[in-house]
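File shown: run.cif. Contents: mmCIF, C-alpha atoms.
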data_target
#
loop_
_atom_site.group_PDB
_atom_site.id
_atom_site.type_symbol
_atom_site.label_atom_id
_atom_site.label_comp_id
_atom_site.auth_asym_id
_atom_site.auth_seq_id
_atom_site.Cartn_x
_atom_site.Cartn_y
_atom_site.Cartn_z
ATOM 1 C CA MET O 149 -32.120 -3.494 22.694
ATOM 2 C CA THR O 150 -28.517 -3.564 21.612
ATOM 3 C CA THR O 151 -25.805 -3.188 24.170
ATOM 4 C CA PHE O 152 -22.166 -2.522 23.523
ATOM 5 C CA THR O 153 -19.529 -3.931 25.775
ATOM 6 C CA GLN O 154 -16.689 -1.562 26.310
ATOM 7 C CA ALA O 155 -13.890 -1.136 28.765
ATOM 8 C CA ALA O 156 -14.379 1.638 31.281
ATOM 9 C CA GLY O 157 -12.958 5.019 30.352
ATOM 10 C CA THR O 158 -12.332 6.046 26.758
ATOM 11 C CA PRO O 159 -14.789 4.814 24.140
ATOM 12 C CA GLY O 160 -13.248 2.110 21.987
ATOM 13 C CA ALA O 161 -10.598 1.327 24.577
ATOM 14 C CA ALA O 162 -11.496 -2.357 24.489
ATOM 15 C CA VAL O 163 -10.316 -2.782 20.916
ATOM 16 C CA ALA O 164 -7.708 -0.053 20.667
ATOM 17 C CA ASP O 165 -4.878 -2.226 21.877
ATOM 18 C CA GLN O 166 -5.612 -5.132 19.585
ATOM 19 C CA PRO O 167 -3.460 -4.775 16.471
ATOM 20 C CA ILE O 168 -5.061 -5.475 13.085
ATOM 21 C CA THR O 169 -3.420 -8.495 11.495
ATOM 22 C CA LYS O 170 -5.602 -8.967 8.423
ATOM 23 C CA VAL O 171 -7.833 -6.803 6.216
ATOM 24 C CA SER O 172 -10.095 -7.736 3.327
ATOM 25 C CA ILE O 173 -10.918 -4.744 1.178
ATOM 26 C CA ILE O 174 -13.870 -4.659 -1.212
ATOM 27 C CA VAL O 175 -13.583 -2.380 -4.269
ATOM 28 C CA SER O 176 -17.029 -1.789 -5.749
ATOM 29 C CA LYS O 177 -16.648 1.448 -7.690
ATOM 30 C CA GLY O 178 -14.988 1.998 -11.048
ATOM 31 C CA SER O 179 -14.102 5.688 -10.884
ATOM 32 C CA LEU O 180 -10.612 6.945 -10.104
ATOM 33 C CA GLU O 181 -11.750 8.369 -6.761
ATOM 34 C CA GLY O 182 -13.587 5.121 -6.079
ATOM 35 C CA ILE O 183 -10.558 2.894 -6.629
ATOM 36 C CA TYR O 184 -7.599 4.797 -5.151
ATOM 37 C CA PRO O 185 -8.659 4.750 -1.493
ATOM 38 C CA ALA O 186 -8.843 0.944 -1.571
ATOM 39 C CA LEU O 187 -5.430 0.670 -3.217
ATOM 40 C CA ILE O 188 -3.856 3.031 -0.701
ATOM 41 C CA LEU O 189 -5.422 1.049 2.147
ATOM 42 C CA ALA O 190 -4.199 -2.265 0.707
ATOM 43 C CA ASN O 191 -0.676 -1.001 0.086
ATOM 44 C CA GLY O 192 -0.604 0.671 3.499
ATOM 45 C CA ALA O 193 -1.674 -2.573 5.142
ATOM 46 C CA ARG O 194 1.183 -4.506 3.535
ATOM 47 C CA MET O 195 3.610 -1.756 4.526
ATOM 48 C CA GLU O 196 2.556 -2.302 8.135
ATOM 49 C CA GLY O 197 2.965 -6.049 7.815
ATOM 50 C CA ILE O 198 -0.803 -6.611 7.762
ATOM 51 C CA GLU O 199 -2.135 -9.428 5.576
ATOM 52 C CA ALA O 200 -4.348 -7.973 2.807
ATOM 53 C CA ASN O 201 -6.990 -9.374 0.447
ATOM 54 C CA VAL O 202 -8.551 -7.171 -2.210
ATOM 55 C CA PHE O 203 -11.919 -8.233 -3.646
ATOM 56 C CA PHE O 204 -12.959 -6.439 -6.833
ATOM 57 C CA THR O 205 -16.674 -6.408 -7.545
ATOM 58 C CA PHE O 206 -19.030 -4.648 -9.986
ATOM 59 C CA PHE O 207 -17.343 -1.668 -11.664
ATOM 60 C CA GLY O 208 -14.456 -1.969 -9.234
ATOM 61 C CA MET O 209 -13.311 -4.831 -11.488
ATOM 62 C CA ASP O 210 -12.149 -2.213 -13.994
ATOM 63 C CA ALA O 211 -9.033 -1.810 -11.835
ATOM 64 C CA ILE O 212 -7.938 -5.356 -12.736
ATOM 65 C CA ASN O 213 -9.419 -5.488 -16.246
ATOM 66 C CA LYS O 214 -6.599 -5.472 -18.823
ATOM 67 C CA ALA O 215 -8.621 -3.486 -21.359
ATOM 68 C CA ARG O 216 -9.825 -0.903 -18.871
ATOM 69 C CA HIS O 217 -7.329 -0.348 -16.056
ATOM 70 C CA GLU O 218 -5.386 2.289 -17.967
ATOM 71 C CA HIS O 219 -8.507 4.302 -18.719
ATOM 72 C CA ILE O 220 -10.026 4.906 -15.301
ATOM 73 C CA LYS O 221 -11.361 8.414 -14.839
ATOM 74 C CA VAL O 222 -12.614 10.786 -12.190
ATOM 75 C CA SER O 223 -16.376 10.992 -12.212
ATOM 76 C CA THR O 224 -17.214 14.635 -12.980
ATOM 77 C CA VAL O 225 -21.001 14.215 -13.083
ATOM 78 C CA GLY O 226 -22.837 14.085 -9.778
ATOM 79 C CA ASN O 227 -19.644 14.661 -7.833
ATOM 80 C CA PRO O 228 -20.194 17.714 -5.605
ATOM 81 C CA GLY O 229 -16.698 17.339 -4.142
ATOM 82 C CA LEU O 230 -15.234 18.752 -7.347
ATOM 83 C CA HIS O 231 -17.135 22.048 -6.936
ATOM 84 C CA LEU O 232 -17.853 22.182 -10.649
ATOM 85 C CA ALA O 233 -21.160 23.426 -12.053
ATOM 86 C CA THR O 234 -23.334 20.385 -12.832
ATOM 87 C CA TRP O 235 -23.630 21.250 -16.551
ATOM 88 C CA LEU O 236 -19.854 21.724 -16.796
ATOM 89 C CA GLY O 237 -19.161 18.260 -15.389
ATOM 90 C CA GLY O 238 -21.015 16.759 -18.347
ATOM 91 C CA VAL O 239 -19.088 18.645 -21.035
ATOM 92 C CA PRO O 240 -17.262 16.143 -23.287
ATOM 93 C CA GLY O 241 -13.635 15.761 -22.259
ATOM 94 C CA MET O 242 -14.161 17.195 -18.770
ATOM 95 C CA SER O 243 -13.637 13.850 -17.051
ATOM 96 C CA ALA O 244 -10.399 13.262 -18.979
ATOM 97 C CA LEU O 245 -9.159 16.768 -18.148
ATOM 98 C CA VAL O 246 -9.868 16.500 -14.415
ATOM 99 C CA THR O 247 -8.316 13.013 -14.385
ATOM 100 C CA GLN O 248 -5.167 14.325 -16.033
ATOM 101 C CA GLN O 249 -4.854 17.125 -13.465
ATOM 102 C CA MET O 250 -5.371 14.728 -10.594
ATOM 103 C CA MET O 251 -2.846 12.218 -11.960
ATOM 104 C CA LYS O 252 -0.270 15.015 -12.145
ATOM 105 C CA SER O 253 -0.769 15.921 -8.493
ATOM 106 C CA MET O 254 -0.554 12.256 -7.525
ATOM 107 C CA GLU O 255 2.628 11.675 -9.489
ATOM 108 C CA LYS O 256 4.201 14.510 -7.481
ATOM 109 C CA LEU O 257 3.328 12.626 -4.298
ATOM 110 C CA ASP O 258 4.788 9.424 -5.788
ATOM 111 C CA ILE O 259 1.361 7.767 -5.994
ATOM 112 C CA PRO O 260 1.515 5.375 -8.975
ATOM 113 C CA PRO O 261 -1.058 5.147 -11.783
ATOM 114 C CA ILE O 262 -3.672 2.411 -11.172
ATOM 115 C CA PRO O 263 -2.102 -0.418 -13.262
ATOM 116 C CA GLU O 264 1.300 0.070 -11.615
ATOM 117 C CA PHE O 265 -0.265 0.466 -8.174
ATOM 118 C CA VAL O 266 -2.235 -2.788 -8.464
ATOM 119 C CA GLU O 267 0.892 -4.647 -9.591
ATOM 120 C CA MET O 268 2.864 -3.121 -6.712
ATOM 121 C CA ILE O 269 0.239 -4.287 -4.212
ATOM 122 C CA ALA O 270 0.299 -7.816 -5.642
ATOM 123 C CA ASP O 271 4.120 -7.820 -5.470
ATOM 124 C CA ALA O 272 3.822 -6.678 -1.855
ATOM 125 C CA GLY O 273 1.963 -9.912 -1.145
ATOM 126 C CA ALA O 274 -1.666 -8.764 -1.131
ATOM 127 C CA LYS O 275 -4.046 -11.258 -2.753
ATOM 128 C CA LEU O 276 -6.343 -10.002 -5.506
ATOM 129 C CA TYR O 277 -9.711 -11.571 -6.320
ATOM 130 C CA ALA O 278 -12.546 -10.927 -8.776
ATOM 131 C CA CYS O 279 -16.170 -11.393 -7.731
ATOM 132 C CA LYS O 280 -17.878 -14.336 -9.442
ATOM 133 C CA ALA O 281 -21.352 -12.787 -9.514
ATOM 134 C CA SER O 282 -19.997 -9.667 -11.254
ATOM 135 C CA VAL O 283 -17.836 -11.705 -13.641
ATOM 136 C CA ASP O 284 -20.897 -13.715 -14.677
ATOM 137 C CA MET O 285 -23.059 -10.622 -14.970
ATOM 138 C CA PHE O 286 -20.629 -8.794 -17.241
ATOM 139 C CA ALA O 287 -19.809 -12.036 -19.136
ATOM 140 C CA LEU O 288 -16.081 -11.727 -18.389
ATOM 141 C CA LYS O 289 -13.403 -14.444 -18.423
ATOM 142 C CA ARG O 290 -10.219 -15.071 -16.437
ATOM 143 C CA ALA O 291 -8.272 -13.880 -19.490
ATOM 144 C CA ASP O 292 -9.867 -10.427 -19.222
ATOM 145 C CA PHE O 293 -8.033 -9.836 -15.954
ATOM 146 C CA ILE O 294 -4.404 -9.057 -15.230
ATOM 147 C CA ASP O 295 -2.208 -12.049 -14.321
ATOM 148 C CA GLN O 296 -1.865 -10.920 -10.690
ATOM 149 C CA VAL O 297 -5.488 -11.885 -9.961
ATOM 150 C CA GLU O 298 -5.427 -15.051 -7.837
ATOM 151 C CA ALA O 299 -8.898 -16.311 -8.657
ATOM 152 C CA ILE O 300 -12.523 -15.541 -9.376
ATOM 153 C CA ILE O 301 -14.328 -16.303 -6.130
ATOM 154 C CA THR O 302 -17.852 -16.385 -4.712
ATOM 155 C CA VAL O 303 -19.069 -14.216 -1.887
ATOM 156 C CA GLY O 304 -18.938 -17.299 0.333
ATOM 157 C CA ASP O 305 -15.264 -17.825 -0.521
ATOM 158 C CA PHE O 306 -14.692 -14.167 0.286
ATOM 159 C CA TYR O 307 -16.190 -14.439 3.752
ATOM 160 C CA GLN O 308 -14.184 -17.549 4.457
ATOM 161 C CA MET O 309 -10.990 -15.858 3.349
ATOM 162 C CA ALA O 310 -11.805 -12.734 5.391
ATOM 163 C CA GLY O 311 -12.305 -14.781 8.563
ATOM 164 C CA GLY O 312 -10.541 -13.447 11.631
ATOM 165 C CA GLY O 313 -9.799 -10.082 10.001
ATOM 166 C CA GLN O 314 -11.408 -6.759 9.275
ATOM 167 C CA ILE O 315 -13.553 -6.066 6.196
ATOM 168 C CA ILE O 316 -13.437 -2.659 4.516
ATOM 169 C CA PHE O 317 -16.006 -1.744 1.864
ATOM 170 C CA THR O 318 -15.172 1.008 -0.609
ATOM 171 C CA MET J 157 31.743 1.020 17.471
ATOM 172 C CA THR J 158 28.445 1.957 19.087
ATOM 173 C CA THR J 159 26.044 -0.358 20.837
ATOM 174 C CA LEU J 160 22.265 -0.103 20.939
ATOM 175 C CA THR J 161 22.126 0.415 24.675
ATOM 176 C CA ALA J 162 24.204 3.583 24.304
ATOM 177 C CA VAL J 163 21.963 5.425 21.827
ATOM 178 C CA ALA J 164 18.708 7.374 22.261
ATOM 179 C CA ARG J 165 15.695 5.842 20.526
ATOM 180 C CA THR J 166 12.018 6.654 19.969
ATOM 181 C CA THR J 167 9.276 4.541 21.587
ATOM 182 C CA GLU J 168 9.047 2.620 18.299
ATOM 183 C CA GLY J 169 12.773 1.959 18.304
ATOM 184 C CA PHE J 170 13.976 4.418 15.656
ATOM 185 C CA LEU J 171 17.231 6.228 16.389
ATOM 186 C CA GLU J 172 16.755 9.758 17.719
ATOM 187 C CA ARG J 173 19.918 10.988 15.996
ATOM 188 C CA VAL J 174 20.920 9.911 12.477
ATOM 189 C CA GLU J 175 24.590 10.499 13.329
ATOM 190 C CA ASP J 176 24.557 7.868 16.088
ATOM 191 C CA TRP J 177 24.363 5.121 13.464
ATOM 192 C CA ASP J 178 27.133 2.892 12.266
ATOM 193 C CA ARG J 179 27.227 -0.437 10.451
ATOM 194 C CA SER J 180 27.609 -2.566 13.577
ATOM 195 C CA LEU J 181 24.573 -0.837 15.041
ATOM 196 C CA ALA J 182 22.620 -1.832 11.924
ATOM 197 C CA GLU J 183 23.506 -5.461 12.581
ATOM 198 C CA GLU J 184 22.248 -5.107 16.145
ATOM 199 C CA LEU J 185 19.005 -3.495 14.959
ATOM 200 C CA ALA J 186 18.546 -6.294 12.413
ATOM 201 C CA ASP J 187 19.121 -8.859 15.113
ATOM 202 C CA GLU J 188 16.527 -7.190 17.310
ATOM 203 C CA ALA J 189 14.050 -7.263 14.377
ATOM 204 C CA GLY J 190 14.763 -10.937 13.840
ATOM 205 C CA ILE J 191 16.240 -10.613 10.348
ATOM 206 C CA ALA J 192 19.964 -10.905 11.098
ATOM 207 C CA PRO J 193 22.436 -11.554 9.560
ATOM 208 C CA LEU J 194 22.257 -8.779 6.981
ATOM 209 C CA THR J 195 23.106 -9.873 3.432
ATOM 210 C CA PRO J 196 24.550 -7.694 0.614
ATOM 211 C CA ARG J 197 20.944 -7.395 -0.686
ATOM 212 C CA HIS J 198 19.833 -5.947 2.671
ATOM 213 C CA TRP J 199 22.763 -3.558 2.602
ATOM 214 C CA LEU J 200 21.844 -2.341 -0.880
ATOM 215 C CA VAL J 201 18.473 -1.237 0.523
ATOM 216 C CA ILE J 202 19.858 0.124 3.803
ATOM 217 C CA ASP J 203 22.536 2.192 2.071
ATOM 218 C CA TYR J 204 19.996 3.496 -0.434
ATOM 219 C CA MET J 205 17.586 4.495 2.371
ATOM 220 C CA ARG J 206 20.312 6.297 4.269
ATOM 221 C CA ASP J 207 21.804 8.059 1.247
ATOM 222 C CA THR J 208 18.353 9.200 0.098
ATOM 223 C CA PHE J 209 17.453 10.485 3.534
ATOM 224 C CA ILE J 210 20.718 12.385 3.883
ATOM 225 C CA ALA J 211 20.383 13.862 0.363
ATOM 226 C CA ARG J 212 16.660 14.726 0.443
ATOM 227 C CA GLY J 213 15.767 14.947 4.127
ATOM 228 C CA ASP J 214 13.050 12.325 3.775
ATOM 229 C CA ALA J 215 12.842 8.554 3.460
ATOM 230 C CA PRO J 216 11.965 7.243 -0.035
ATOM 231 C CA SER J 217 8.458 5.882 -0.695
ATOM 232 C CA ILE J 218 8.063 2.144 -1.169
ATOM 233 C CA ARG J 219 7.516 2.845 -4.877
ATOM 234 C CA THR J 220 10.815 4.726 -5.215
ATOM 235 C CA LEU J 221 12.539 2.105 -3.118
ATOM 236 C CA GLY J 222 11.334 -0.626 -5.483
ATOM 237 C CA LYS J 223 12.374 1.324 -8.554
ATOM 238 C CA GLU J 224 15.686 2.828 -7.540
ATOM 239 C CA SER J 225 17.323 0.810 -4.769
ATOM 240 C CA GLY J 226 18.138 -2.094 -7.090
ATOM 241 C CA VAL J 227 15.818 -4.417 -5.153
ATOM 242 C CA ALA J 228 12.261 -4.891 -6.513
ATOM 243 C CA ILE J 229 9.118 -4.789 -4.336
ATOM 244 C CA LYS J 230 8.707 -8.576 -4.134
ATOM 245 C CA GLU J 231 12.234 -9.074 -2.837
ATOM 246 C CA LEU J 232 11.917 -6.083 -0.491
ATOM 247 C CA TYR J 233 9.105 -7.893 1.314
ATOM 248 C CA LEU J 234 11.205 -11.064 1.513
ATOM 249 C CA LEU J 235 14.215 -9.218 2.900
ATOM 250 C CA PHE J 236 12.204 -7.058 5.294
ATOM 251 C CA PRO J 237 9.012 -8.921 6.160
ATOM 252 C CA LYS J 238 6.464 -6.969 8.210
ATOM 253 C CA GLY J 239 6.973 -3.827 6.131
ATOM 254 C CA PRO J 240 10.165 -2.993 4.232
ATOM 255 C CA ALA J 241 9.956 0.826 4.290
ATOM 256 C CA LYS J 242 9.651 1.084 8.063
ATOM 257 C CA LEU J 243 11.995 -1.729 8.948
ATOM 258 C CA ALA J 244 14.731 -0.710 6.494
ATOM 259 C CA ALA J 245 14.481 2.870 7.778
ATOM 260 C CA LYS J 246 14.887 1.678 11.339
ATOM 261 C CA ILE J 247 17.932 -0.435 10.510
ATOM 262 C CA ALA J 248 19.374 2.401 8.416
ATOM 263 C CA GLY J 249 19.127 4.650 11.476
ATOM 264 C CA ILE J 250 16.848 7.228 9.852
ATOM 265 C CA PRO J 251 13.488 8.500 11.186
ATOM 266 C CA LYS J 252 10.248 6.611 10.588
ATOM 267 C CA PRO J 253 8.923 7.359 7.068
ATOM 268 C CA HIS J 254 5.811 9.513 7.286
ATOM 269 C CA GLY J 255 4.321 9.124 3.795
ATOM 270 C CA CYS J 256 1.258 6.997 3.002
ATOM 271 C CA ILE J 257 2.794 5.272 -0.009
#

Serialized structure, structure tokens:
Amino acid sequence: MTTFTQAAGTPGAAVADQPITKVSIIVSKGSLEGIYPALILANGARMEGIEANVFFTFFGMDAINKARHEHIKVSTVGNPGLHLATWLGGVPGMSALVTQQMMKSMEKLDIPPIPEFVEMIADAGAKLYACKASVDMFALKRADFIDQVEAIITVGDFYQMAGGGQIIFT
Amino acid sequence: MTTLTAVARTTEGFLERVEDWDRSLAEELADEAGIAPLTPRHWLVIDYMRDTFIARGDAPSIRTLGKESGVAIKELYLLFPKGPAKLAAKIAGIPKPHGCI
């Protein structure tokens, strides 16, 4: 049986007063809607003075891949959140069109495009890493990634680096 | 000249009234935040924050700050560690920025 220790009164009260000082964010998806939340979390952490590591794995590595980071699109197939008919989502050009619309709305809110956003986060002091297992699997090299990437690291390195902080998986 | 003890502030330390602010108060706020003395580079950011807020009614995003204040993101974090947008807003005597970016 699992038991949870909690202070009396409100649930979560035991941890509520402990400020977060470090986050390590994992980016595993390569779609626009898969990448942005992680970038907003990383940037937001730095803005609050929280130390931030961002670990790009699997298709999430597209966000730091020089050849791909300018071409990240909204996934229009199998994405019920868009409220598009399934067959329509697969029409050629649909993903590009929806992406363009979304980028326009984001620009209005001063949310930068992915390449600029990643650079901004690195400039803000967040550390960016690529996942070694994924790099090996996709036969990528250091040179395929933007200069802001600190290193290609193993999952063990990641856990070590994340020690004492919170881990967020996206 | 105003002093910090004489002005109303929020629980997080932001000024309640923008008009209470003056430059000596900014120095006091900077001292309280542990980043005093303010340099001309700090002032560039503080003046930009204040002017933008007065003109637009909202604090600039960190992106706009990095692009338009004359101080790039990297330096912003050196000048105002622990979060430039919030800290510069506080020292500039404007309300806490409420955007996510």

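Under the PyMOL selection byres ((chain J) within 8 of (chain O)), the matching residues in the shown file are Ser217, Arg219, Thr220, Ile229, Lys230, Tyr233, Pro237, Lys238, Gly239, Pro240, Ala241, Lys242, Cys256 and Ile257 of chain J.
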
For this session: Apply the PyMOL selection byres ((chain O and resi 297) around 10) to the displayed file and report the matching residues as a list in words.
Result: Val202, Phe203, Phe204, Ile212, Asn213, Val266, Glu267, Ala270, Lys275, Leu276, Tyr277, Ala278, Arg290, Phe293, Ile294, Asp295, Gln296, Glu298, Ala299 and Ile300 of chain O

For this session: Anything within 7 Å of (18.3, 10.4, 9.7): list those residues as a list in words, counting all atoms listed in the file and sticking to the file's coordinates.
Result: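 Checking each residue against the 7 Å limit leaves Arg173, Val174, Phe209, Ile210, Gly249, Ile250 and Pro251 of chain J.
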
Problem set entry | Computed interatomic separation between atom CA of O:Leu245 and atom CA of O:Ile183 (Å) | 18.1 Å

For this session: Find the spatial neighbours of J:Trp199, counting only C-alpha atoms, within a cut-off of 12 Å - ignore same-chain residues fewer than 5 positions away - and output them as a PyMOL selection string.
Result: chain J and resi 179+182-183+186+192-194+204-207+225-227+232+235-236+244-245+247-248

Can you sort out the box for stretch 221-228 of chain J, edges along x, y and z, all listed atoms in, 3 Å on every side, with centre and edge lengths in Å to one decimal, as lines of an AutoDock Vina configuration file?
center_x = 14.7
center_y = -1.0
center_z = -5.8
size_x = 12.8
size_y = 13.7
size_z = 11.4

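Restricting the calculation to all atoms listed in the file, the smallest distance between O:Asp305 and any of O:Phe206, O:Thr224, O:Gln248, O:Asn201 is found for O:Asn201.
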
Problem set entry | Residue IDs satisfying the PyMOL selection byres ((chain J and resi 158) around 8), as a PyMOL selection string | chain J and resi 157+159-160+162-163+176-178+180-181

Exercise. Pick from O:Ser179, O:Ser223, O:Thr169, O:Ser243: nearest to O:Met209, with only C-alpha atoms counted?
Worked result: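 Selected residue with least distance to O:Met209: O:Ser179.
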
Problem set entry | atom CA of J:Ile218 to atom CA of O:Phe317, straight-line distance in Å |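 Distance reported for this atom pair: 24.6 Å.
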
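When all atoms listed in the file are used to compute distances to J:Glu188, the closest of the residues J:Gly213, J:Phe170, J:Lys252, J:Gly222 turns out to be J:Phe170.
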
For this session: Please measure the separation of atom CA of O:Lys170 and atom CA of O:Met309, giving the value in Å to one decimal.
Result: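 Atom CA of O:Met309 lies 10.1 Å from atom CA of O:Lys170.
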
For this session: Just give me the residues with any atom within 6 Å of (11.9, -2.7, 11.9), file coordinates, counting all atoms listed in the file, written as an NGL selection string.
Result: :J and (189 or 242-243 or 246)

Your completed stretch 205-224 of chain J with N, CA, C and O atoms, as a PDB file, in the frame of the given file:
ATOM      1  N   MET J 205      18.477   3.762   1.459  1.00  0.00           N
ATOM      2  CA  MET J 205      17.586   4.495   2.371  1.00  0.00           C
ATOM      3  C   MET J 205      18.341   5.650   3.030  1.00  0.00           C
ATOM      4  O   MET J 205      17.874   6.775   3.083  1.00  0.00           O
ATOM      5  N   ARG J 206      19.525   5.323   3.521  1.00  0.00           N
ATOM      6  CA  ARG J 206      20.312   6.297   4.269  1.00  0.00           C
ATOM      7  C   ARG J 206      20.793   7.428   3.364  1.00  0.00           C
ATOM      8  O   ARG J 206      20.671   8.605   3.708  1.00  0.00           O
ATOM      9  N   ASP J 207      21.320   7.046   2.194  1.00  0.00           N
ATOM     10  CA  ASP J 207      21.804   8.059   1.247  1.00  0.00           C
ATOM     11  C   ASP J 207      20.672   8.984   0.814  1.00  0.00           C
ATOM     12  O   ASP J 207      20.845  10.198   0.729  1.00  0.00           O
ATOM     13  N   THR J 208      19.496   8.393   0.537  1.00  0.00           N
ATOM     14  CA  THR J 208      18.353   9.200   0.098  1.00  0.00           C
ATOM     15  C   THR J 208      17.923  10.149   1.202  1.00  0.00           C
ATOM     16  O   THR J 208      17.663  11.327   0.959  1.00  0.00           O
ATOM     17  N   PHE J 209      17.871   9.636   2.420  1.00  0.00           N
ATOM     18  CA  PHE J 209      17.453  10.485   3.534  1.00  0.00           C
ATOM     19  C   PHE J 209      18.437  11.642   3.735  1.00  0.00           C
ATOM     20  O   PHE J 209      18.036  12.794   3.909  1.00  0.00           O
ATOM     21  N   ILE J 210      19.713  11.344   3.668  1.00  0.00           N
ATOM     22  CA  ILE J 210      20.718  12.385   3.883  1.00  0.00           C
ATOM     23  C   ILE J 210      20.673  13.421   2.747  1.00  0.00           C
ATOM     24  O   ILE J 210      20.772  14.621   2.980  1.00  0.00           O
ATOM     25  N   ALA J 211      20.429  12.950   1.506  1.00  0.00           N
ATOM     26  CA  ALA J 211      20.383  13.862   0.363  1.00  0.00           C
ATOM     27  C   ALA J 211      19.097  14.686   0.312  1.00  0.00           C
ATOM     28  O   ALA J 211      19.113  15.860  -0.027  1.00  0.00           O
ATOM     29  N   ARG J 212      17.950  14.053   0.643  1.00  0.00           N
ATOM     30  CA  ARG J 212      16.660  14.726   0.443  1.00  0.00           C
ATOM     31  C   ARG J 212      15.949  15.111   1.729  1.00  0.00           C
ATOM     32  O   ARG J 212      14.908  15.773   1.697  1.00  0.00           O
ATOM     33  N   GLY J 213      16.406  14.610   2.855  1.00  0.00           N
ATOM     34  CA  GLY J 213      15.767  14.947   4.127  1.00  0.00           C
ATOM     35  C   GLY J 213      14.502  14.159   4.398  1.00  0.00           C
ATOM     36  O   GLY J 213      13.755  14.467   5.312  1.00  0.00           O
ATOM     37  N   ASP J 214      14.242  13.131   3.577  1.00  0.00           N
ATOM     38  CA  ASP J 214      13.050  12.325   3.775  1.00  0.00           C
ATOM     39  C   ASP J 214      13.337  10.900   3.289  1.00  0.00           C
ATOM     40  O   ASP J 214      14.150  10.715   2.381  1.00  0.00           O
ATOM     41  N   ALA J 215      12.662   9.944   3.886  1.00  0.00           N
ATOM     42  CA  ALA J 215      12.842   8.554   3.460  1.00  0.00           C
ATOM     43  C   ALA J 215      12.135   8.357   2.117  1.00  0.00           C
ATOM     44  O   ALA J 215      11.129   8.998   1.859  1.00  0.00           O
ATOM     45  N   PRO J 216      12.648   7.482   1.241  1.00  0.00           N
ATOM     46  CA  PRO J 216      11.965   7.243  -0.035  1.00  0.00           C
ATOM     47  C   PRO J 216      10.653   6.488   0.177  1.00  0.00           C
ATOM     48  O   PRO J 216      10.499   5.773   1.169  1.00  0.00           O
ATOM     49  N   SER J 217       9.710   6.648  -0.753  1.00  0.00           N
ATOM     50  CA  SER J 217       8.458   5.882  -0.695  1.00  0.00           C
ATOM     51  C   SER J 217       8.774   4.447  -1.087  1.00  0.00           C
ATOM     52  O   SER J 217       9.828   4.173  -1.656  1.00  0.00           O
ATOM     53  N   ILE J 218       7.858   3.552  -0.809  1.00  0.00           N
ATOM     54  CA  ILE J 218       8.063   2.144  -1.169  1.00  0.00           C
ATOM     55  C   ILE J 218       8.170   2.013  -2.694  1.00  0.00           C
ATOM     56  O   ILE J 218       8.912   1.183  -3.217  1.00  0.00           O
ATOM     57  N   ARG J 219       7.463   2.878  -3.417  1.00  0.00           N
ATOM     58  CA  ARG J 219       7.516   2.845  -4.877  1.00  0.00           C
ATOM     59  C   ARG J 219       8.918   3.192  -5.374  1.00  0.00           C
ATOM     60  O   ARG J 219       9.496   2.496  -6.193  1.00  0.00           O
ATOM     61  N   THR J 220       9.466   4.302  -4.840  1.00  0.00           N
ATOM     62  CA  THR J 220      10.815   4.726  -5.215  1.00  0.00           C
ATOM     63  C   THR J 220      11.837   3.679  -4.798  1.00  0.00           C
ATOM     64  O   THR J 220      12.761   3.361  -5.550  1.00  0.00           O
ATOM     65  N   LEU J 221      11.638   3.132  -3.629  1.00  0.00           N
ATOM     66  CA  LEU J 221      12.539   2.105  -3.118  1.00  0.00           C
ATOM     67  C   LEU J 221      12.596   0.921  -4.094  1.00  0.00           C
ATOM     68  O   LEU J 221      13.675   0.432  -4.427  1.00  0.00           O
ATOM     69  N   GLY J 222      11.417   0.496  -4.555  1.00  0.00           N
ATOM     70  CA  GLY J 222      11.334  -0.626  -5.483  1.00  0.00           C
ATOM     71  C   GLY J 222      11.936  -0.323  -6.839  1.00  0.00           C
ATOM     72  O   GLY J 222      12.429  -1.203  -7.530  1.00  0.00           O
ATOM     73  N   LYS J 223      11.878   0.950  -7.222  1.00  0.00           N
ATOM     74  CA  LYS J 223      12.374   1.324  -8.554  1.00  0.00           C
ATOM     75  C   LYS J 223      13.853   1.653  -8.564  1.00  0.00           C
ATOM     76  O   LYS J 223      14.544   1.410  -9.537  1.00  0.00           O
ATOM     77  N   GLU J 224      14.328   2.260  -7.488  1.00  0.00           N
ATOM     78  CA  GLU J 224      15.686   2.828  -7.540  1.00  0.00           C
ATOM     79  C   GLU J 224      16.740   2.163  -6.655  1.00  0.00           C
ATOM     80  O   GLU J 224      17.928   2.382  -6.861  1.00  0.00           O
TER      81      GLU J 224
END
